[in-house]
Every structure is written in C-alpha cells, then in structure tokens.
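Q: This is the content of input_5.cif (mmCIF, C-alpha atoms):
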data_final
#
loop_
_atom_site.label_atom_id
_atom_site.label_comp_id
_atom_site.auth_asym_id
_atom_site.auth_seq_id
_atom_site.Cartn_x
_atom_site.Cartn_y
_atom_site.Cartn_z
CA MET A 1 168.35 95.87 -24.79
CA ASP A 2 170.59 97.06 -27.61
CA PHE A 3 174.27 96.90 -26.73
CA SER A 4 177.49 98.09 -28.33
CA PHE A 5 180.99 97.73 -27.10
CA ALA A 6 181.66 101.46 -27.62
CA ASP A 7 179.18 102.67 -24.96
CA ALA A 8 179.68 99.79 -22.54
CA GLY A 9 181.74 101.95 -20.15
CA GLN A 10 179.06 104.65 -19.99
CA ASN A 11 176.23 102.28 -19.24
CA SER A 12 175.57 102.12 -15.48
CA ALA A 13 172.29 100.22 -15.74
CA MET A 14 171.99 96.58 -14.78
CA TRP A 15 173.39 94.14 -17.37
CA THR A 16 171.60 91.15 -18.75
CA ILE A 17 173.44 87.86 -18.91
CA SER A 18 173.42 87.98 -22.68
CA ASP A 19 174.81 91.52 -22.78
CA LEU A 20 177.52 90.74 -20.31
CA THR A 21 178.49 87.55 -22.09
CA ARG A 22 178.56 89.32 -25.43
CA TYR A 23 180.69 92.07 -23.92
CA ILE A 24 183.16 89.54 -22.61
CA ARG A 25 183.25 87.78 -26.03
CA GLU A 26 184.07 91.07 -27.71
CA LEU A 27 186.82 91.66 -25.23
CA PHE A 28 188.31 88.32 -26.21
CA GLU A 29 188.00 89.07 -29.89
CA ILE A 30 189.70 92.46 -29.78
CA ASP A 31 192.67 90.96 -27.97
CA TYR A 32 195.05 90.07 -30.78
CA CYS A 33 196.99 87.64 -28.60
CA LEU A 34 193.90 85.50 -28.09
CA GLN A 35 193.17 85.32 -31.83
CA ASP A 36 196.35 83.45 -32.71
CA VAL A 37 197.40 81.07 -29.94
CA GLU A 38 199.04 77.67 -29.60
CA VAL A 39 198.10 75.66 -26.53
CA SER A 40 199.61 72.36 -25.43
CA GLY A 41 197.79 69.85 -23.29
CA GLU A 42 196.27 66.41 -23.00
CA ILE A 43 193.03 65.55 -24.74
CA SER A 44 190.08 64.40 -22.65
CA ASN A 45 186.35 64.02 -23.23
CA PHE A 46 186.95 63.70 -26.99
CA THR A 47 183.75 63.54 -29.08
CA GLN A 48 183.08 63.67 -32.80
CA ALA A 49 179.55 64.83 -33.61
CA ARG A 50 177.45 63.52 -36.50
CA SER A 51 178.15 66.81 -38.23
CA GLY A 52 181.87 65.97 -38.25
CA HIS A 53 182.77 68.72 -35.71
CA LEU A 54 185.18 67.74 -32.91
CA TYR A 55 184.63 68.61 -29.25
CA PHE A 56 187.26 67.97 -26.58
CA THR A 57 189.01 69.40 -23.56
CA LEU A 58 192.69 70.23 -23.22
CA LYS A 59 194.05 69.92 -19.70
CA ASP A 60 197.28 70.07 -17.80
CA GLU A 61 198.10 69.73 -14.07
CA GLY A 62 196.36 72.96 -13.07
CA ALA A 63 193.60 73.80 -15.56
CA GLN A 64 191.49 72.75 -18.49
CA LEU A 65 190.24 74.42 -21.66
CA LYS A 66 187.23 73.49 -23.73
CA CYS A 67 187.97 73.20 -27.45
CA VAL A 68 186.00 72.85 -30.66
CA MET A 69 187.24 72.08 -34.18
CA TRP A 70 184.85 72.53 -37.08
CA ARG A 71 184.57 69.78 -39.68
CA SER A 72 186.35 71.84 -42.38
CA SER A 73 189.47 71.82 -40.20
CA ALA A 74 188.99 68.30 -38.86
CA GLU A 75 188.99 66.86 -42.38
CA ARG A 76 192.58 68.07 -42.83
CA LEU A 77 193.88 66.15 -39.82
CA ARG A 78 196.43 63.46 -40.65
CA PHE A 79 195.79 61.51 -37.46
CA ALA A 80 192.80 60.51 -35.35
CA PRO A 81 192.83 62.34 -32.00
CA GLN A 82 191.79 60.40 -28.93
CA ASP A 83 191.70 60.75 -25.18
CA GLY A 84 195.13 60.84 -23.59
CA ASP A 85 196.94 62.24 -26.63
CA ALA A 86 199.38 65.06 -25.89
CA VAL A 87 198.80 67.65 -28.58
CA VAL A 88 199.47 71.21 -29.60
CA ALA A 89 196.33 73.08 -30.68
CA HIS A 90 196.35 76.27 -32.74
CA GLY A 91 193.41 78.60 -33.07
CA ARG A 92 191.59 81.51 -31.43
CA VAL A 93 189.97 81.93 -28.03
CA SER A 94 186.42 83.23 -27.76
CA VAL A 95 183.28 82.85 -25.69
CA TYR A 96 180.49 80.42 -26.42
CA GLU A 97 177.63 82.66 -25.37
CA ALA A 98 175.00 79.95 -25.01
CA GLY A 99 177.19 78.06 -22.56
CA GLY A 100 178.76 81.06 -20.93
CA ALA A 101 182.20 79.57 -21.26
CA TYR A 102 185.29 80.57 -23.09
CA GLN A 103 186.85 77.97 -25.41
CA LEU A 104 189.48 77.45 -28.03
CA TYR A 105 188.29 77.29 -31.63
CA ALA A 106 191.08 75.12 -33.04
CA ASN A 107 192.00 75.10 -36.72
CA ARG A 108 195.11 72.91 -36.40
CA LEU A 109 196.00 70.02 -34.15
CA GLU A 110 199.35 68.25 -34.00
CA PRO A 111 200.76 65.57 -31.74
CA ALA A 112 203.12 66.92 -29.15
CA GLY A 113 206.64 65.54 -29.28
CA ARG A 114 206.28 63.77 -32.66
CA GLY A 115 204.98 64.66 -36.12
CA ASP A 116 201.33 64.23 -36.96
CA LEU A 117 202.31 62.27 -40.12
CA ALA A 118 204.22 59.71 -38.10
CA LEU A 119 201.35 59.34 -35.68
CA ALA A 120 198.81 59.11 -38.47
CA PHE A 121 200.98 56.46 -40.14
CA GLU A 122 201.14 54.36 -36.97
CA GLN A 123 197.42 54.73 -36.28
CA LEU A 124 196.37 53.69 -39.78
CA LYS A 125 198.90 50.87 -39.80
CA ARG A 126 197.51 49.48 -36.54
CA GLN A 127 193.91 49.83 -37.77
CA LEU A 128 194.44 48.07 -41.09
CA GLU A 129 196.63 45.43 -39.52
CA ALA A 130 193.87 44.68 -37.02
CA GLU A 131 191.42 44.31 -39.93
CA GLY A 132 193.71 41.72 -41.55
CA LEU A 133 194.74 43.75 -44.61
CA PHE A 134 198.40 42.88 -44.02
CA ASP A 135 197.86 39.19 -43.21
CA PRO A 136 200.17 36.96 -45.30
CA VAL A 137 197.27 34.57 -45.88
CA HIS A 138 195.79 37.12 -48.29
CA LYS A 139 199.01 37.64 -50.26
CA GLN A 140 198.87 36.48 -53.88
CA PRO A 141 201.90 34.83 -55.49
CA ILE A 142 203.79 36.80 -58.12
CA PRO A 143 203.55 35.02 -61.51
CA ARG A 144 206.91 33.68 -62.62
CA PHE A 145 206.66 34.59 -66.30
CA PRO A 146 204.29 37.57 -66.71
CA GLY A 147 203.17 38.50 -70.19
CA LYS A 148 201.76 41.98 -69.49
CA ILE A 149 202.51 44.21 -66.50
CA GLY A 150 200.42 47.18 -65.42
CA ILE A 151 202.32 50.15 -63.98
CA VAL A 152 200.75 52.83 -61.78
CA THR A 153 203.05 55.86 -61.49
CA SER A 154 203.65 59.33 -62.84
CA ALA A 155 204.05 59.41 -66.60
CA ASP A 156 207.10 61.71 -66.48
CA ALA A 157 208.77 60.22 -63.42
CA ALA A 158 212.29 58.82 -63.40
CA ALA A 159 210.83 55.81 -61.60
CA LEU A 160 208.89 54.85 -64.74
CA ARG A 161 212.01 55.01 -66.90
CA ASP A 162 213.89 52.87 -64.40
CA ILE A 163 211.13 50.27 -64.39
CA LEU A 164 210.92 50.10 -68.19
CA ASN A 165 214.71 49.82 -68.53
CA VAL A 166 214.81 46.90 -66.08
CA LEU A 167 211.93 45.12 -67.81
CA ARG A 168 213.56 45.46 -71.23
CA ARG A 169 216.89 44.21 -69.92
CA ARG A 170 215.66 41.30 -67.86
CA TRP A 171 212.51 40.10 -69.61
CA PRO A 172 211.83 41.76 -73.00
CA LEU A 173 208.98 39.32 -73.62
CA ALA A 174 206.80 41.23 -71.15
CA GLN A 175 204.62 44.14 -72.27
CA ALA A 176 204.01 47.19 -70.09
CA LEU A 177 200.68 48.99 -69.79
CA ILE A 178 201.00 52.34 -68.00
CA ALA A 179 198.19 53.95 -66.01
CA PRO A 180 199.57 57.47 -65.39
CA THR A 181 198.55 59.26 -62.21
CA LEU A 182 199.63 61.93 -59.78
CA VAL A 183 201.76 60.46 -57.01
CA GLN A 184 201.92 63.45 -54.68
CA GLY A 185 199.43 65.87 -53.21
CA GLU A 186 195.90 65.80 -51.87
CA THR A 187 194.37 64.81 -55.24
CA ALA A 188 196.80 61.95 -55.80
CA PRO A 189 195.11 59.16 -53.70
CA PRO A 190 191.80 59.07 -55.65
CA GLN A 191 193.74 59.10 -58.95
CA ILE A 192 195.94 56.24 -57.76
CA VAL A 193 192.83 54.28 -56.76
CA ARG A 194 191.22 54.83 -60.19
CA ALA A 195 194.42 53.77 -61.99
CA LEU A 196 194.66 50.61 -59.87
CA GLN A 197 191.02 49.71 -60.46
CA TRP A 198 191.30 50.33 -64.21
CA LEU A 199 194.27 47.99 -64.55
CA ASP A 200 192.75 45.43 -62.20
CA GLY A 201 189.59 45.34 -64.31
CA ARG A 202 191.49 44.12 -67.37
CA SER A 203 191.77 40.42 -68.17
CA ASP A 204 195.11 40.68 -70.00
CA ILE A 205 197.11 41.90 -67.00
CA ASP A 206 199.25 39.46 -65.01
CA LEU A 207 200.40 41.79 -62.24
CA ILE A 208 200.54 45.47 -61.24
CA ILE A 209 203.49 47.59 -60.09
CA LEU A 210 202.64 50.60 -57.88
CA SER A 211 205.60 52.95 -57.80
CA ARG A 212 207.14 56.36 -57.30
CA GLY A 213 210.63 57.65 -56.53
CA GLY A 214 211.98 58.74 -53.17
CA GLY A 215 211.05 61.81 -51.19
CA SER A 216 210.08 63.08 -47.78
CA MET A 217 207.28 61.54 -45.76
CA GLU A 218 205.02 64.33 -46.99
CA ASP A 219 205.97 63.54 -50.60
CA LEU A 220 205.14 59.85 -50.13
CA TRP A 221 201.99 60.46 -48.14
CA ALA A 222 199.62 59.55 -51.00
CA PHE A 223 200.80 55.95 -50.55
CA ASN A 224 199.86 56.08 -46.85
CA ASP A 225 196.26 56.84 -47.74
CA GLU A 226 193.63 54.41 -46.47
CA ARG A 227 191.76 54.47 -49.81
CA VAL A 228 194.89 53.38 -51.67
CA ALA A 229 195.58 50.61 -49.16
CA ARG A 230 192.05 49.22 -49.48
CA ALA A 231 192.21 49.37 -53.29
CA ILE A 232 195.45 47.35 -53.21
CA PHE A 233 193.93 44.79 -50.86
CA ALA A 234 190.82 44.46 -53.07
CA ALA A 235 192.83 43.94 -56.29
CA GLN A 236 192.31 40.61 -58.04
CA HIS A 237 195.77 40.78 -59.61
CA PRO A 238 199.02 40.63 -57.60
CA VAL A 239 200.36 44.08 -56.67
CA ILE A 240 204.03 44.94 -56.11
CA SER A 241 204.71 48.15 -54.18
CA GLY A 242 207.96 49.92 -55.03
CA VAL A 243 207.71 53.34 -53.39
CA GLY A 244 210.59 55.58 -52.33
CA HIS A 245 214.05 54.45 -51.30
CA GLU A 246 215.14 51.38 -49.40
CA VAL A 247 214.64 53.03 -46.00
CA ASP A 248 211.13 54.25 -46.83
CA PHE A 249 208.06 52.28 -45.78
CA THR A 250 204.48 53.13 -46.69
CA ILE A 251 201.10 51.64 -45.90
CA SER A 252 201.00 50.51 -49.55
CA ASP A 253 204.05 48.34 -48.89
CA PHE A 254 202.20 46.44 -46.17
CA ALA A 255 198.96 46.10 -48.16
CA ALA A 256 200.66 44.94 -51.37
CA ASP A 257 201.35 41.31 -52.19
CA ALA A 258 205.07 42.07 -52.35
CA ARG A 259 207.21 45.03 -51.31
CA ALA A 260 210.28 46.23 -53.20
CA PRO A 261 212.67 48.81 -51.76
CA THR A 262 212.86 50.87 -54.97
CA PRO A 263 211.02 51.13 -58.31
CA SER A 264 213.89 49.32 -60.06
CA ALA A 265 213.77 46.55 -57.48
CA ALA A 266 210.01 46.27 -58.08
CA ALA A 267 210.69 45.60 -61.78
CA GLU A 268 213.35 43.04 -60.87
CA LEU A 269 210.90 41.32 -58.55
CA ALA A 270 208.20 41.29 -61.26
CA VAL A 271 210.15 39.44 -63.96
CA PRO A 272 212.87 36.78 -64.18
CA ASP A 273 216.29 37.47 -65.63
CA MET A 274 216.49 35.94 -69.09
CA ALA A 275 220.29 35.72 -68.88
CA GLU A 276 220.00 33.55 -65.78
CA LEU A 277 217.38 31.35 -67.42
CA ARG A 278 219.31 30.57 -70.61
CA PRO A 279 221.49 27.74 -69.19
CA ALA A 280 218.49 26.20 -67.49
CA LEU A 281 216.47 26.53 -70.69
CA ARG A 282 219.20 24.81 -72.72
CA GLY A 283 219.35 21.95 -70.23
CA ALA A 284 215.58 21.71 -70.20
CA ALA A 285 215.55 21.69 -74.01
CA ARG A 286 218.01 18.81 -74.11
CA GLN A 287 216.09 16.91 -71.50
CA LEU A 288 212.84 17.56 -73.33
CA ALA A 289 214.32 16.42 -76.63
CA GLY A 290 215.49 13.16 -75.01
CA GLN A 291 212.10 12.58 -73.43
CA VAL A 292 210.31 13.34 -76.69
CA GLY A 293 212.59 10.90 -78.52
CA GLN A 294 211.80 8.18 -75.99
CA ILE A 295 208.10 8.88 -76.29
CA ILE A 296 208.32 8.70 -80.10
CA GLN A 297 210.12 5.33 -79.92
CA GLN A 298 207.53 3.99 -77.48
CA LYS A 299 204.70 5.20 -79.67
CA ARG A 300 206.35 3.74 -82.79
CA ARG A 301 206.70 0.32 -81.15
CA ARG A 302 203.15 0.54 -79.95
CA ALA A 303 201.98 1.48 -83.44
CA GLN A 304 203.85 -1.49 -84.92
CA SER A 305 202.30 -3.83 -82.38
CA LEU A 306 198.85 -2.45 -83.09
CA GLY A 307 199.53 -2.77 -86.82
CA ARG A 308 200.29 -6.47 -86.45
CA ALA A 309 197.18 -6.96 -84.33
CA LEU A 310 195.16 -5.04 -86.87
CA ARG A 311 196.43 -7.15 -89.72
CA HIS A 312 195.51 -10.27 -87.74
CA LEU A 313 192.03 -8.98 -87.09
CA SER A 314 191.67 -7.27 -90.43
CA PRO A 315 188.96 -8.56 -92.84
CA GLN A 316 191.52 -8.29 -95.64
CA ALA A 317 192.51 -11.96 -95.32
CA GLY A 318 188.87 -12.97 -95.61
CA LEU A 319 188.45 -10.65 -98.57
CA ASP A 320 191.47 -12.18 -100.30
CA ASN A 321 190.12 -15.70 -99.69
CA ASN A 322 186.67 -14.76 -100.97
CA ARG A 323 188.22 -13.06 -103.97
CA GLN A 324 190.04 -16.32 -104.84
CA LYS A 325 186.84 -18.30 -104.34
CA LEU A 326 185.06 -15.85 -106.59
CA ASP A 327 187.69 -16.38 -109.30
CA SER A 328 187.28 -20.17 -108.96
CA TRP A 329 183.50 -19.91 -109.13
CA HIS A 330 183.78 -17.60 -112.11
CA GLY A 331 185.98 -20.13 -113.94
CA ARG A 332 183.64 -23.02 -113.15
CA LEU A 333 180.64 -20.96 -114.25
CA HIS A 334 182.40 -20.06 -117.49
CA THR A 335 183.24 -23.72 -118.19
CA ALA A 336 179.70 -24.83 -117.43
CA ALA A 337 178.27 -22.10 -119.64
CA ARG A 338 180.63 -23.04 -122.48
CA ARG A 339 179.71 -26.72 -122.23
CA LYS A 340 176.02 -25.93 -122.15
CA LEU A 341 176.46 -23.68 -125.20
CA GLU A 342 178.25 -26.48 -127.05
CA ARG A 343 175.43 -28.91 -126.22
CA GLU A 344 172.84 -26.44 -127.42
CA GLN A 345 174.84 -25.78 -130.59
CA ASN A 346 174.93 -29.54 -131.28
CA ARG A 347 171.20 -29.83 -130.70
CA LEU A 348 170.65 -26.86 -133.01
CA ALA A 349 172.78 -28.49 -135.68
CA LEU A 350 170.77 -31.68 -135.42
CA ALA A 351 167.55 -29.68 -135.60
CA GLN A 352 168.81 -27.82 -138.65
CA ALA A 353 169.74 -31.07 -140.29
CA GLY A 354 166.28 -32.47 -139.59
CA LEU A 355 164.62 -29.35 -140.91
CA LEU A 356 166.77 -29.41 -144.00
CA ALA A 357 165.45 -32.82 -144.92
CA TYR A 358 161.98 -31.36 -145.06
CA SER A 359 163.02 -28.11 -146.67
CA PRO A 360 161.87 -27.29 -150.25
CA LEU A 361 165.43 -26.26 -150.91
CA ALA A 362 166.56 -29.85 -150.58
CA THR A 363 163.96 -30.85 -153.21
CA LEU A 364 165.14 -28.08 -155.48
CA SER A 365 168.70 -29.32 -155.19
CA ARG A 366 167.58 -32.58 -156.72
CA GLY A 367 166.48 -30.78 -159.96
CA TYR A 368 163.03 -29.65 -159.02
CA ALA A 369 161.81 -26.05 -159.42
CA ILE A 370 159.07 -23.85 -157.95
CA VAL A 371 157.02 -21.73 -160.35
CA ARG A 372 155.11 -18.63 -159.21
CA ASP A 373 152.86 -16.27 -161.11
CA GLY A 374 153.23 -12.53 -161.05
CA ASP A 375 151.41 -12.36 -157.72
CA GLY A 376 153.80 -14.83 -156.13
CA ARG A 377 151.28 -17.73 -156.01
CA ILE A 378 152.78 -21.18 -156.58
CA ILE A 379 151.63 -22.77 -159.85
CA ARG A 380 150.42 -26.28 -159.14
CA SER A 381 148.38 -26.85 -162.32
CA VAL A 382 148.56 -25.85 -165.99
CA ARG A 383 145.11 -24.55 -165.65
CA GLN A 384 146.51 -21.68 -163.58
CA VAL A 385 148.57 -20.49 -166.56
CA LYS A 386 147.61 -18.89 -169.79
CA PRO A 387 149.85 -18.43 -172.72
CA GLY A 388 151.94 -15.30 -172.36
CA ASP A 389 151.82 -15.19 -168.52
CA GLU A 390 155.06 -14.05 -166.97
CA LEU A 391 156.25 -16.61 -164.47
CA ASP A 392 159.08 -16.83 -161.92
CA VAL A 393 161.02 -20.06 -161.70
CA GLN A 394 163.05 -20.76 -158.50
CA VAL A 395 165.74 -23.40 -158.61
CA SER A 396 168.23 -24.47 -155.93
CA ASP A 397 170.77 -21.71 -156.61
CA GLY A 398 168.52 -18.81 -157.66
CA ALA A 399 165.48 -17.75 -159.73
CA PHE A 400 164.72 -16.53 -163.26
CA GLY A 401 161.65 -15.41 -165.27
CA VAL A 402 159.92 -17.19 -168.17
CA SER A 403 156.93 -16.58 -170.40
CA ALA A 404 154.22 -19.26 -170.59
CA GLN A 405 153.82 -20.92 -174.06
CA PRO A 406 151.37 -23.57 -175.24
CA PHE A 407 152.84 -27.05 -174.81
CA GLY A 408 154.90 -27.88 -177.89
CA GLY A 409 155.46 -24.27 -178.83
CA GLU A 410 158.73 -22.38 -178.62
CA ALA A 411 159.66 -20.95 -175.33
#
Could you rewrite the structure in this file as structure tokens?
A:
Amino acid sequence: MDFSFADAGQNSAMWTISDLTRYIRELFEIDYCLQDVEVSGEISNFTQARSGHLYFTLKDEGAQLKCVMWRSSAERLRFAPQDGDAVVAHGRVSVYEAGGAYQLYANRLEPAGRGDLALAFEQLKRQLEAEGLFDPVHKQPIPRFPGKIGIVTSADAAALRDILNVLRRRWPLAQALIAPTLVQGETAPPQIVRALQWLDGRSDIDLIILSRGGGSMEDLWAFNDERVARAIFAAQHPVISGVGHEVDFTISDFAADARAPTPSAAAELAVPDMAELRPALRGAARQLAGQVGQIIQQKRRRAQSLGRALRHLSPQAGLDNNRQKLDSWHGRLHTAARRKLEREQNRLALAQAGLLAYSPLATLSRGYAIVRDGDGRIIRSVRQVKPGDELDVQVSDGAFGVSAQPFGGEA
C-alpha cells in the first residue's frame, strides 16, 4: 500500500507494520531536536563489523539506547571504544525499520570526563607497550661520534634551525641530511613514515633525529600515530625523538631509542661537545705520542737484533770466502798457464832451431844460391838452360835476375 506522511491522519484503514514503522521513522526525522542530539551513557555490547561499522548500546541506570556508527565516522575516532567506557555520543535518532527499533546514528563519540586524545594516547601506549615496542632491550645505542645525521622535521620550522645551530656549535664535523615533512595534521603521519624510511634506507646515515617544536596535544598528535611509532621501532639506525617542550610526551618518545625534551636537546644528545673534548684529546695525543715512541724504540731494537741475526745467517760471508778462493784459483791458474806457455815457447824455439839446420836458407847463408827459370822451376842441371834464358837467383839476403850465357862468355 502506498503511504505518505501527508495523508496519514486521513487514513482510517488498517496499517501494515511497514507503513506504521515508516510513519514513526518520519515522525522522528521531522523532529529537529532528534536530528542533533548528544547522549551520555556507558557502552555495552560493543561490536565492530567486518565492514568497519560499529554497533553498541548506550545505557544508564534506567534505560538503554541502541547505537550505530558508520565506518566513515568510525575512522575518525582517536580512541578505541570498548564495553564499560563512559562516553558522549553525538548524532541523530531514527528508526531502523527492519528491526522495528529506534536507535542513535552516531557521527561523533568522545570519552566522558576526559578528552578523547588523552584516552587514545593511553590506549595506544598500553597496546604498544604490551607488544614490546618500548622495551629497553630493543633500544640501540647512540653513536658517540656521528658523521652524518638525518633529520625528520618541517623544512621551515624553528626546530630545524635550532638543531642545525646546535650541531654546528658542538660538532661541526657532522653533516646533516634533512628529510622535510609535514609535522601536523591528518596527512602528516604517512609523510613522517616515508621520511623516516627514506633516511633509514641510506647506508651513510649514523642516526636520525625526529623533531618538531612545541604545541597543543592536537598539534603534536602526528607523533602519537601508531604508524609513526612502528616505523621508529623498525628503523635500523638509532632514532632520537625531540618533540615539543620538556613537559610534552608522545608515543614517538617511547618508541625511539632516546628521548630528548626539546629539538635543541635532541641535537645535544646526538653529538658530543668539541669544546669539552679538546682537553681530553690533547691528553690522548700526548699519551699516544709517548706510546708510539716506545713502540718505535722497541721495533728499532728488534730490527737491530734481527739485523745481527741476519748477518750471521747471511750467505754474504760464504760469498766473500768463495770470492777470495776464486781470486786465489785465478792467480794459480794464471801462473800455471804462464809457465806452460813458457815451456811451449822453449820447445818451439828448439823446434825452430832444428828446422833451421835443415832449412835451405841456412845453406844459402854459407854462399850457396838457388836458381829458378821463368816458371819458377829450380835449375839443377845446365841442360835445363839455354843461352839467353832469364833466370832468378836467390841468395841468403834476397834475389836478383840474370841472363844465361855460354860458359866462358860474358855475363
């Protein structure tokens, strides 16, 4: 049956359950007071569906009210509701037709008697503490002399200037690598996580400072985010949290390896003071110089001892001895060779003398001559010569030519 609220008063026929329920729902919805209500009570029968919607009942000493909160509103809650919580719910009252019951459609939910941020802080703190994220056994030591420091903060924040000033004053040897990020608002936590992970993924970073200046709890809330806390806990490099003022505490402070009350204090915790180290460095330098001098003397004496042992074991002595023997053998060989040469020269002289006795030259020296014809044949008989033949006559000191003449004629 078609139904409209306008003709409901004129309709005297029997109502269906659906029509009556719809009529009642419309009565609720035209009542302005029921469309903007705040109701206080204690939560019971709390359930979160797979869809993310929340279903619960608010009750007091005399009544109870069914409530529903859609996921879009539930995602904005800063605390986790549970049975027994005293809360203040804001929303509108209407009728759930399928169940035939009126209920509160809540769009906000706050703890009664204390702020939802404080409750959310305590709840998350207890949860992460129970998981061991704050256990000192997981804390990494802060390096004593860092070379490069990563800084996660706002690029235009006074906190960054304070940190850089402290680093330059105390330990100018350190370099700073800044990962700028939002530090306030709903979009800040994922940016902070990305900045942390980017710095933590570098191999040239020694530690990370996570920082922002002071503010209200709402201003600092990005550092109470569970995602930020887990990113700090998962970091491979030590993380120092310096968020807010000295009285401020955030979840990041508990998850970090070290907590500093202010950004400037975080920088002081990250690096040593060079002015304080100078006297110790001078003393260490003197002590080191003395120790080095002692080591050099010990090594020099050791080297001298090894040198003497080396000379004793060195083959040089044997080489010198063999060189002297070689000189002696060379002299003896030279003497023997000279004597043998003299003997051979004497034998050669004797042989020459013996040969000379049989030499034609010796005969020539006694006045004899050797006559050869033009062909160089020795003339042994007159029959080999005819008158007019040109002959060569060799005597002991030379030779001359003659012309053959008959015996008795003129030469």
Q: Expressed in Å to a single decimal, how great is the separation between CA of Leu104 in chain A and CA of Val68 in chain A?
A: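 Interatomic distance, CA of Leu104 in chain A to CA of Val68 in chain A: 6.3 Å.
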Q: If you count all atoms listed in the file, which residues fall within 12 Å of range 271-277 of chain A, apart from same-chain ones fewer than 6 positions away, as a VMD selection string?
A: chain A and resid 142 to 149 163 to 164 166 to 176 206 to 209 240 264 to 265 283 to 285
Q: Could you tell me how far CA of Gly52 in chain A sits from CA of Ser73 in chain A, in Å to one decimal place?
A: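 About the pair CA of Ser73 in chain A and CA of Gly52 in chain A: they are 9.8 Å apart.
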Q: Which residue out of A:Leu124, A:Ala74, A:Ile296, A:Val247 has the minimum interatomic distance to Arg108 in chain A when only C-alpha atoms are used?
A: A:Ala74
Q: Interatomic distance between CA of Asp375 in chain A and CA of Leu355 in chain A?
A: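 Value for the CA of Asp375 in chain A-CA of Leu355 in chain A distance: 27.3 Å.
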Q: Please evaluate the PyMOL selection byres ((chain A and resi 221) around 12) against the structure above and give the resulting residues as a PyMOL selection string.
A: chain A and resi 78+116-118+120-121+182-189+212+214-220+222-229+243-244+248-252
Q: Using the chain letters and numbering of this document, enumerate as an MDAnalysis selection string the residues selected by the PyMOL selection byres ((chain A and resi 38-43) around 6).
A: chainID A and resid 37 44 57:60 83:90
Q: Within 9 Å of range 385-389 of chain A, counting only C-alpha atoms, which residues qualify if same-chain residues fewer than 6 places away don't, as a list in words?
A: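 Once the adjacent positions are removed, what remains is Asp373, Gly374, Ile379, Val402, Ser403, Ala404, Gln405 and Pro406 of chain A.
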Q: Kindly export the residues of the current selection with C-alpha atoms, as a short mmCIF file (atom, residue, chain, number, x, y, z; two decimals), keeping the file's coordinate frame.
A:
data_model
loop_
_atom_site.label_atom_id
_atom_site.label_comp_id
_atom_site.auth_asym_id
_atom_site.auth_seq_id
_atom_site.Cartn_x
_atom_site.Cartn_y
_atom_site.Cartn_z
CA ASP A 373 152.86 -16.27 -161.11
CA GLY A 374 153.23 -12.53 -161.05
CA ILE A 379 151.63 -22.77 -159.85
CA VAL A 402 159.92 -17.19 -168.17
CA SER A 403 156.93 -16.58 -170.40
CA ALA A 404 154.22 -19.26 -170.59
CA GLN A 405 153.82 -20.92 -174.06
CA PRO A 406 151.37 -23.57 -175.24
#
Q: What does range 166-184 of chain A look like written to a file with N, CA and C atoms, as a PDB file, in the first residue's frame?
A:
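Contents of the output file result-v1.pdb:
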ATOM      1  N   VAL A 166      72.826  24.008  16.953  1.00  0.00           N
ATOM      2  CA  VAL A 166      73.484  23.206  17.988  1.00  0.00           C
ATOM      3  C   VAL A 166      74.533  22.290  17.369  1.00  0.00           C
ATOM      4  N   LEU A 167      74.213  21.672  16.244  1.00  0.00           N
ATOM      5  CA  LEU A 167      75.173  20.772  15.596  1.00  0.00           C
ATOM      6  C   LEU A 167      76.423  21.526  15.167  1.00  0.00           C
ATOM      7  N   ARG A 168      76.231  22.711  14.586  1.00  0.00           N
ATOM      8  CA  ARG A 168      77.403  23.493  14.147  1.00  0.00           C
ATOM      9  C   ARG A 168      78.251  23.925  15.341  1.00  0.00           C
ATOM     10  N   ARG A 169      77.617  24.271  16.430  1.00  0.00           N
ATOM     11  CA  ARG A 169      78.361  24.744  17.594  1.00  0.00           C
ATOM     12  C   ARG A 169      79.089  23.612  18.306  1.00  0.00           C
ATOM     13  N   ARG A 170      78.424  22.494  18.467  1.00  0.00           N
ATOM     14  CA  ARG A 170      79.005  21.418  19.271  1.00  0.00           C
ATOM     15  C   ARG A 170      79.893  20.482  18.458  1.00  0.00           C
ATOM     16  N   TRP A 171      79.468  20.151  17.242  1.00  0.00           N
ATOM     17  CA  TRP A 171      80.198  19.125  16.493  1.00  0.00           C
ATOM     18  C   TRP A 171      80.139  19.453  14.999  1.00  0.00           C
ATOM     19  N   PRO A 172      80.899  20.443  14.551  1.00  0.00           N
ATOM     20  CA  PRO A 172      80.838  20.856  13.134  1.00  0.00           C
ATOM     21  C   PRO A 172      81.319  19.790  12.161  1.00  0.00           C
ATOM     22  N   LEU A 173      81.923  18.738  12.660  1.00  0.00           N
ATOM     23  CA  LEU A 173      82.366  17.659  11.765  1.00  0.00           C
ATOM     24  C   LEU A 173      81.184  16.876  11.203  1.00  0.00           C
ATOM     25  N   ALA A 174      80.034  16.928  11.866  1.00  0.00           N
ATOM     26  CA  ALA A 174      78.881  16.144  11.430  1.00  0.00           C
ATOM     27  C   ALA A 174      78.158  16.858  10.288  1.00  0.00           C
ATOM     28  N   GLN A 175      77.678  16.077   9.329  1.00  0.00           N
ATOM     29  CA  GLN A 175      76.836  16.579   8.252  1.00  0.00           C
ATOM     30  C   GLN A 175      75.375  16.291   8.579  1.00  0.00           C
ATOM     31  N   ALA A 176      74.494  17.143   8.073  1.00  0.00           N
ATOM     32  CA  ALA A 176      73.058  16.974   8.308  1.00  0.00           C
ATOM     33  C   ALA A 176      72.355  16.725   6.983  1.00  0.00           C
ATOM     34  N   LEU A 177      71.505  15.708   6.952  1.00  0.00           N
ATOM     35  CA  LEU A 177      70.693  15.402   5.780  1.00  0.00           C
ATOM     36  C   LEU A 177      69.233  15.533   6.206  1.00  0.00           C
ATOM     37  N   ILE A 178      68.507  16.464   5.606  1.00  0.00           N
ATOM     38  CA  ILE A 178      67.153  16.794   6.038  1.00  0.00           C
ATOM     39  C   ILE A 178      66.144  16.093   5.142  1.00  0.00           C
ATOM     40  N   ALA A 179      65.173  15.434   5.772  1.00  0.00           N
ATOM     41  CA  ALA A 179      64.042  14.841   5.075  1.00  0.00           C
ATOM     42  C   ALA A 179      62.804  15.639   5.477  1.00  0.00           C
ATOM     43  N   PRO A 180      62.439  16.680   4.722  1.00  0.00           N
ATOM     44  CA  PRO A 180      61.343  17.559   5.135  1.00  0.00           C
ATOM     45  C   PRO A 180      59.995  16.837   5.067  1.00  0.00           C
ATOM     46  N   THR A 181      59.119  17.198   5.994  1.00  0.00           N
ATOM     47  CA  THR A 181      57.814  16.562   6.059  1.00  0.00           C
ATOM     48  C   THR A 181      56.857  17.457   6.819  1.00  0.00           C
ATOM     49  N   LEU A 182      55.568  17.255   6.609  1.00  0.00           N
ATOM     50  CA  LEU A 182      54.585  17.889   7.476  1.00  0.00           C
ATOM     51  C   LEU A 182      54.686  17.269   8.860  1.00  0.00           C
ATOM     52  N   VAL A 183      54.451  18.075   9.889  1.00  0.00           N
ATOM     53  CA  VAL A 183      54.531  17.566  11.258  1.00  0.00           C
ATOM     54  C   VAL A 183      53.229  17.808  12.012  1.00  0.00           C
ATOM     55  N   GLN A 184      52.173  18.159  11.268  1.00  0.00           N
ATOM     56  CA  GLN A 184      50.895  18.432  11.915  1.00  0.00           C
ATOM     57  C   GLN A 184      49.787  18.176  10.904  1.00  0.00           C
TER      58      GLN A 184
END
